[in-house]
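**Student:** The structure is given below, and queries will be raised subsequently.
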Amino acid sequence: MAVGVFDSGLGGLTVLDAVSKRLPEVPFVYFADSAHAPYGVRDADDIYNLTTAAVDRLWQAGCDLVILACNTASAAALRRMQENWVPRDKRVLGVFVPLIEAMTERQWGDNSPPREVGVQHVALFATPATVRSRAFQRELAFRAIGVDVEAQACGGLVDAIEEGDMILAEALVRSHVDALKRKMPEPEAAILGCTHYPLMEDIFQEALGPDVTVYSQANLVAESLADYLRRHPGMVGPGTESRFLTTGDPRKVSGHATRFLRREISFESA
């Protein structure tokens with residue numbers, strides 16, 4: 001039965017691709033809020049209102065469980081949604097926690113006190129809204145102590161990727177890595193804290209150097225979702241088919257998505 005995957009644009013297709021390969025028997029409904037992308041430059045209330053509207057649309061499509069495959073939405077809206085808005089028979093999950101669990105070598109559900117971990121200097125590359133929220137640092141503090149996080153807001157990068165301007169995107173990655181290294185010359189690990197950024201993972205790795213471990217989210221989220229569904233089989237919704245929904249121009253979005261995933265993708269109006 002269908003599981004929803006939401007992103008402000010097309011970056012969440014990196015997560016969709018991974019979860020589809022990991023769980024081929026599960027139909028996924030993907031929602032791209034392309035008309036309002038990017039979210040990273042919006043304020044928290046705006047992000048919350050847009051995200052709840054999108055999740056509500058995915059519930060209408062038969063998805064009782066929705067993955068926010070958008071770090072900005074996960075950072076700026078998820079906690080408020082879970083506390084005040086999500087009904088008891090629905091679930092909305094974010095993408096930060098599986099990544100932090102991997103970096104801190106914790107198993108899912110390990111609620112023991114925070115402890116020292118192997119990595120002490122972490123670079124976080126994310127949208128301006130994600131950086132402002134400090135959600136990554138908050139979730140990390142629940143699990144680890146003694147970790148220095150230096151965040152770099154990567155303005156313009158999502159727009160360049162969405163428009164398919166990979167020359168500009170590469171230049172922006174190198175510029176943002178240079179800016180980060182001026183603040184933290186020798187990071188041990190780097191977090192690609194936006195689901196668009198794995199499309200540029202090789203450039204991040206090259207710019208950071210071979211001694212930096214780069215963490216991106218898609219496969220980690222896929223494993224976490226598979227584990228969650230094993231433990232909560234009742235959370236799959238009544239939907240029975242995979243669909244692609246967008247608030248933007250379906251033809252234009254389909255063209256960009258097909259290029260992203262290198263397979264034919266056909267969006268319909270949300």
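For the structure tokens, the naming scheme is as follows: chains receive sequential letters (A, B, ...) according to their order of presentation, residues are indexed from 1 within each chain, and ligands are indexed from 1 in presentation order.
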If you run DSSP on the backbone, which residues of region 59-203 of chain A are alpha helix (DSSP H), as a PyMOL selection string?

**Tutor:** chain A and resi 59-60+71-76+78-84+96-103+128-133+135-141+157-162+166-183+201-203

**Student:** Can you list, as a ChimeraX atom specification, every protein, DNA or RNA residue that comes within 9 Å of Phe125 (chain A) when you count only C-alpha atoms, leaving out same-chain residues fewer than 4 positions away?

**Tutor:** /A:131,150-154,176-177,180,190-194,197

**Student:** Tell me which of A:Val3, A:His196, A:Ala53, A:Gly146 sits closest to Ser20 (chain A), counting only C-alpha atoms.

**Tutor:** A:Val3

**Student:** Could you find all residues in region 119-248 of chain A that DSSP calls strand (DSSP E) from the backbone, and write them as a VMD selection string?

**Tutor:** chain A and resid 121 to 126 144 to 145 148 to 153 189 to 192 213 to 215 243 to 246

**Student:** With N, CA, C and O atoms retained, could you export that selection as a short mmCIF file (atom, residue, chain, number, x, y, z; two decimals), in the first residue's frame?

**Tutor:**
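Everything below was put into selection_3.cif:
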```cif
data_model
loop_
_atom_site.label_atom_id
_atom_site.label_comp_id
_atom_site.auth_asym_id
_atom_site.auth_seq_id
_atom_site.Cartn_x
_atom_site.Cartn_y
_atom_site.Cartn_z
N HIS A 121 34.45 16.81 14.43
CA HIS A 121 34.35 18.03 13.63
C HIS A 121 33.52 17.72 12.39
O HIS A 121 33.97 17.00 11.50
N VAL A 122 32.32 18.29 12.35
CA VAL A 122 31.35 17.96 11.31
C VAL A 122 30.95 19.21 10.54
O VAL A 122 30.59 20.24 11.14
N ALA A 123 31.01 19.13 9.22
CA ALA A 123 30.53 20.20 8.35
C ALA A 123 29.11 19.87 7.90
O ALA A 123 28.85 18.75 7.46
N LEU A 124 28.22 20.83 8.02
CA LEU A 124 26.84 20.66 7.57
C LEU A 124 26.58 21.62 6.42
O LEU A 124 26.69 22.84 6.57
N PHE A 125 26.25 21.07 5.25
CA PHE A 125 25.86 21.87 4.10
C PHE A 125 24.34 21.77 3.95
O PHE A 125 23.81 20.66 3.84
N ALA A 126 23.65 22.90 3.96
CA ALA A 126 22.19 22.86 3.97
C ALA A 126 21.64 24.18 3.42
O ALA A 126 22.39 25.11 3.11
N ALA A 144 24.80 12.58 20.94
CA ALA A 144 26.26 12.68 21.01
C ALA A 144 26.68 13.93 21.76
O ALA A 144 25.98 14.94 21.77
N ILE A 145 27.85 13.84 22.39
CA ILE A 145 28.44 15.00 23.06
C ILE A 145 29.83 15.24 22.45
O ILE A 145 30.45 14.34 21.88
N ASP A 148 31.61 19.22 17.32
CA ASP A 148 31.57 20.58 16.83
C ASP A 148 30.97 20.57 15.43
O ASP A 148 31.50 19.92 14.52
N VAL A 149 29.86 21.28 15.24
CA VAL A 149 29.18 21.35 13.94
C VAL A 149 29.34 22.75 13.38
O VAL A 149 28.98 23.74 14.03
N GLU A 150 29.86 22.86 12.17
CA GLU A 150 29.95 24.13 11.46
C GLU A 150 29.00 24.05 10.27
O GLU A 150 29.13 23.19 9.41
N ALA A 151 28.01 24.93 10.25
CA ALA A 151 26.98 24.90 9.21
C ALA A 151 27.28 25.93 8.12
O ALA A 151 27.66 27.07 8.43
N GLN A 152 27.08 25.52 6.88
CA GLN A 152 27.26 26.41 5.74
C GLN A 152 25.96 26.47 4.95
O GLN A 152 25.50 25.45 4.41
N ALA A 153 25.34 27.65 4.89
CA ALA A 153 24.14 27.84 4.10
C ALA A 153 24.52 27.93 2.63
O ALA A 153 25.30 28.80 2.24
N ALA A 189 33.91 14.88 8.90
CA ALA A 189 32.72 14.38 8.22
C ALA A 189 31.95 15.56 7.66
O ALA A 189 32.03 16.67 8.19
N ALA A 190 31.23 15.30 6.59
CA ALA A 190 30.39 16.33 5.98
C ALA A 190 29.01 15.77 5.75
O ALA A 190 28.86 14.65 5.23
N ILE A 191 27.99 16.53 6.14
CA ILE A 191 26.60 16.14 5.98
C ILE A 191 26.01 16.92 4.81
O ILE A 191 26.04 18.15 4.80
N LEU A 192 25.51 16.20 3.81
CA LEU A 192 24.79 16.86 2.72
C LEU A 192 23.33 16.97 3.16
O LEU A 192 22.52 16.07 2.94
N THR A 213 34.71 12.09 5.32
CA THR A 213 33.61 11.16 5.05
C THR A 213 32.34 11.96 4.75
O THR A 213 31.91 12.77 5.57
N VAL A 214 31.79 11.76 3.56
CA VAL A 214 30.60 12.50 3.14
C VAL A 214 29.36 11.63 3.35
O VAL A 214 29.30 10.51 2.85
N TYR A 215 28.40 12.15 4.10
CA TYR A 215 27.16 11.43 4.37
C TYR A 215 26.03 12.08 3.57
O TYR A 215 25.78 13.27 3.70
N ARG A 243 2.37 7.23 -8.04
CA ARG A 243 1.97 8.43 -8.77
C ARG A 243 3.00 9.52 -8.51
O ARG A 243 3.74 9.49 -7.52
N PHE A 244 3.03 10.50 -9.41
CA PHE A 244 3.89 11.66 -9.26
C PHE A 244 3.01 12.90 -9.38
O PHE A 244 2.39 13.13 -10.42
N LEU A 245 2.96 13.70 -8.31
CA LEU A 245 2.11 14.88 -8.27
C LEU A 245 2.98 16.13 -8.15
O LEU A 245 4.01 16.13 -7.48
N THR A 246 2.56 17.22 -8.77
CA THR A 246 3.28 18.48 -8.66
C THR A 246 2.33 19.65 -8.69
O THR A 246 1.28 19.61 -9.35
#
```

**Student:** Select, from A:Phe142, A:Phe31, A:Trp85, A:Phe260, the residue with the minimum atom-to-atom distance to Tyr48 (chain A), counting only C-alpha atoms.

**Tutor:**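 Comparing A:Phe142, A:Phe31, A:Trp85, A:Phe260 against Tyr48 (chain A), the winner is A:Trp85.
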
**Student:** Counting only C-alpha atoms, what is within 8 Å of region 134-137 of chain A, bar same-chain residues fewer than 2 positions away, as a list in words?

**Tutor:**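 The neighbour list is Ala75, Ala76, Phe96, Thr130, Val131, Arg132, Glu139, Leu140, Ala141 and Val149 of chain A.
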
**Student:** Once you have the residues from the selection above, write them out as an mmCIF file, in the first residue's frame, restricted to N, CA and C atoms.

**Tutor:**
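Once written, out15.cif looks like this:
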```
data_model
loop_
_atom_site.group_PDB
_atom_site.id
_atom_site.type_symbol
_atom_site.label_atom_id
_atom_site.label_comp_id
_atom_site.auth_asym_id
_atom_site.auth_seq_id
_atom_site.Cartn_x
_atom_site.Cartn_y
_atom_site.Cartn_z
ATOM 1 N N ALA A 75 13.386 20.194 9.059
ATOM 2 C CA ALA A 75 13.999 21.053 10.065
ATOM 3 C C ALA A 75 13.032 22.094 10.603
ATOM 4 N N ALA A 76 12.256 22.716 9.717
ATOM 5 C CA ALA A 76 11.455 23.878 10.103
ATOM 6 C C ALA A 76 10.017 23.553 10.486
ATOM 7 N N PHE A 96 16.411 13.650 8.863
ATOM 8 C CA PHE A 96 17.616 13.923 9.634
ATOM 9 C C PHE A 96 18.060 12.739 10.491
ATOM 10 N N THR A 130 17.259 25.604 6.816
ATOM 11 C CA THR A 130 17.709 24.483 7.642
ATOM 12 C C THR A 130 18.797 24.941 8.599
ATOM 13 N N VAL A 131 19.724 25.740 8.119
ATOM 14 C CA VAL A 131 20.789 26.243 8.988
ATOM 15 C C VAL A 131 20.199 27.087 10.111
ATOM 16 N N ARG A 132 19.253 27.973 9.781
ATOM 17 C CA ARG A 132 18.637 28.827 10.810
ATOM 18 C C ARG A 132 17.923 28.010 11.877
ATOM 19 N N GLU A 139 18.980 17.564 17.120
ATOM 20 C CA GLU A 139 18.843 16.104 17.072
ATOM 21 C C GLU A 139 20.166 15.416 17.406
ATOM 22 N N LEU A 140 21.261 15.998 16.958
ATOM 23 C CA LEU A 140 22.575 15.417 17.259
ATOM 24 C C LEU A 140 22.861 15.445 18.752
ATOM 25 N N ALA A 141 22.469 16.535 19.424
ATOM 26 C CA ALA A 141 22.736 16.677 20.861
ATOM 27 C C ALA A 141 22.008 15.629 21.689
ATOM 28 N N VAL A 149 29.856 21.278 15.241
ATOM 29 C CA VAL A 149 29.183 21.350 13.945
ATOM 30 C C VAL A 149 29.336 22.754 13.375
#
```

**Student:** Nearest residue to Val147 (chain A) out of A:Arg115, A:Glu162, A:Glu25, A:Arg174, using only C-alpha atoms?

**Tutor:**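 So, comparing all the options, the nearest one is A:Arg115.
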
**Student:** Given the choices A:Ala35, A:Val92, A:Met103, A:Val86, which gets closest to Leu225 (chain A) if the distance is worked out from only C-alpha atoms?

**Tutor:**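 Checking each candidate against Leu225 (chain A), we get A:Val92 as the closest.
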
**Student:** Within 8 Å of region 232-238 of chain A, counting only C-alpha atoms, which residues show up once you throw out same-chain ones fewer than 4 positions away? Write them as a PyMOL selection string, please.

**Tutor:** chain A and resi 1-3+62-65+90-91+228

**Student:** Which value, in Å to one decimal, gives the distance between CA of Thr52 (chain A) and CA of Tyr30 (chain A)?

**Tutor:**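 Value for the CA of Thr52 (chain A)-CA of Tyr30 (chain A) distance: 14.8 Å.
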
**Student:** Work out how far apart CA of Asp249 (chain A) and CA of Ser269 (chain A) are and give it in Å to one decimal.

**Tutor:**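 Spanning CA of Asp249 (chain A) to CA of Ser269 (chain A) is a straight-line distance of 7.5 Å.
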
**Student:** Would you work out the distance separating CA of Thr51 (chain A) from CA of Ala73 (chain A), expressed in Å to one decimal?

**Tutor:**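 One can read the CA of Thr51 (chain A) to CA of Ala73 (chain A) distance as 6.6 Å.
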
**Student:** Which residues come within 10 Å of Ser266 (chain A), counting only C-alpha atoms, excluding same-chain residues fewer than 4 positions away, as a ChimeraX atom specification?

**Tutor:** /A:243-245,250-255,257-258

**Student:** Could you please take those selected residues and save N, CA and C atoms as a PDB file, in the first residue's frame?

**Tutor:**
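Heads up, here's the output in selection-v3.pdb:
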```pdb
ATOM      1  N   ARG A 243       2.368   7.229  -8.037  1.00  0.00           N
ATOM      2  CA  ARG A 243       1.973   8.434  -8.769  1.00  0.00           C
ATOM      3  C   ARG A 243       3.005   9.521  -8.514  1.00  0.00           C
ATOM      4  N   PHE A 244       3.028  10.499  -9.412  1.00  0.00           N
ATOM      5  CA  PHE A 244       3.887  11.661  -9.262  1.00  0.00           C
ATOM      6  C   PHE A 244       3.015  12.902  -9.379  1.00  0.00           C
ATOM      7  N   LEU A 245       2.963  13.704  -8.314  1.00  0.00           N
ATOM      8  CA  LEU A 245       2.114  14.882  -8.268  1.00  0.00           C
ATOM      9  C   LEU A 245       2.983  16.133  -8.152  1.00  0.00           C
ATOM     10  N   PRO A 250       3.270  20.254 -14.998  1.00  0.00           N
ATOM     11  CA  PRO A 250       3.608  18.825 -15.055  1.00  0.00           C
ATOM     12  C   PRO A 250       4.569  18.475 -16.186  1.00  0.00           C
ATOM     13  N   ARG A 251       4.415  19.119 -17.327  1.00  0.00           N
ATOM     14  CA  ARG A 251       5.274  18.797 -18.461  1.00  0.00           C
ATOM     15  C   ARG A 251       6.733  19.188 -18.179  1.00  0.00           C
ATOM     16  N   LYS A 252       6.915  20.392 -17.669  1.00  0.00           N
ATOM     17  CA  LYS A 252       8.270  20.854 -17.355  1.00  0.00           C
ATOM     18  C   LYS A 252       8.890  20.025 -16.244  1.00  0.00           C
ATOM     19  N   VAL A 253       8.119  19.763 -15.188  1.00  0.00           N
ATOM     20  CA  VAL A 253       8.630  18.994 -14.053  1.00  0.00           C
ATOM     21  C   VAL A 253       8.965  17.567 -14.492  1.00  0.00           C
ATOM     22  N   SER A 254       8.127  16.978 -15.342  1.00  0.00           N
ATOM     23  CA  SER A 254       8.394  15.623 -15.841  1.00  0.00           C
ATOM     24  C   SER A 254       9.705  15.575 -16.610  1.00  0.00           C
ATOM     25  N   GLY A 255       9.968  16.605 -17.410  1.00  0.00           N
ATOM     26  CA  GLY A 255      11.209  16.638 -18.174  1.00  0.00           C
ATOM     27  C   GLY A 255      12.432  16.691 -17.279  1.00  0.00           C
ATOM     28  N   ALA A 257      12.550  15.764 -14.102  1.00  0.00           N
ATOM     29  CA  ALA A 257      12.620  14.528 -13.317  1.00  0.00           C
ATOM     30  C   ALA A 257      13.183  13.384 -14.140  1.00  0.00           C
ATOM     31  N   THR A 258      12.792  13.302 -15.392  1.00  0.00           N
ATOM     32  CA  THR A 258      13.314  12.254 -16.271  1.00  0.00           C
ATOM     33  C   THR A 258      14.822  12.383 -16.409  1.00  0.00           C
TER      34      THR A 258
END
```
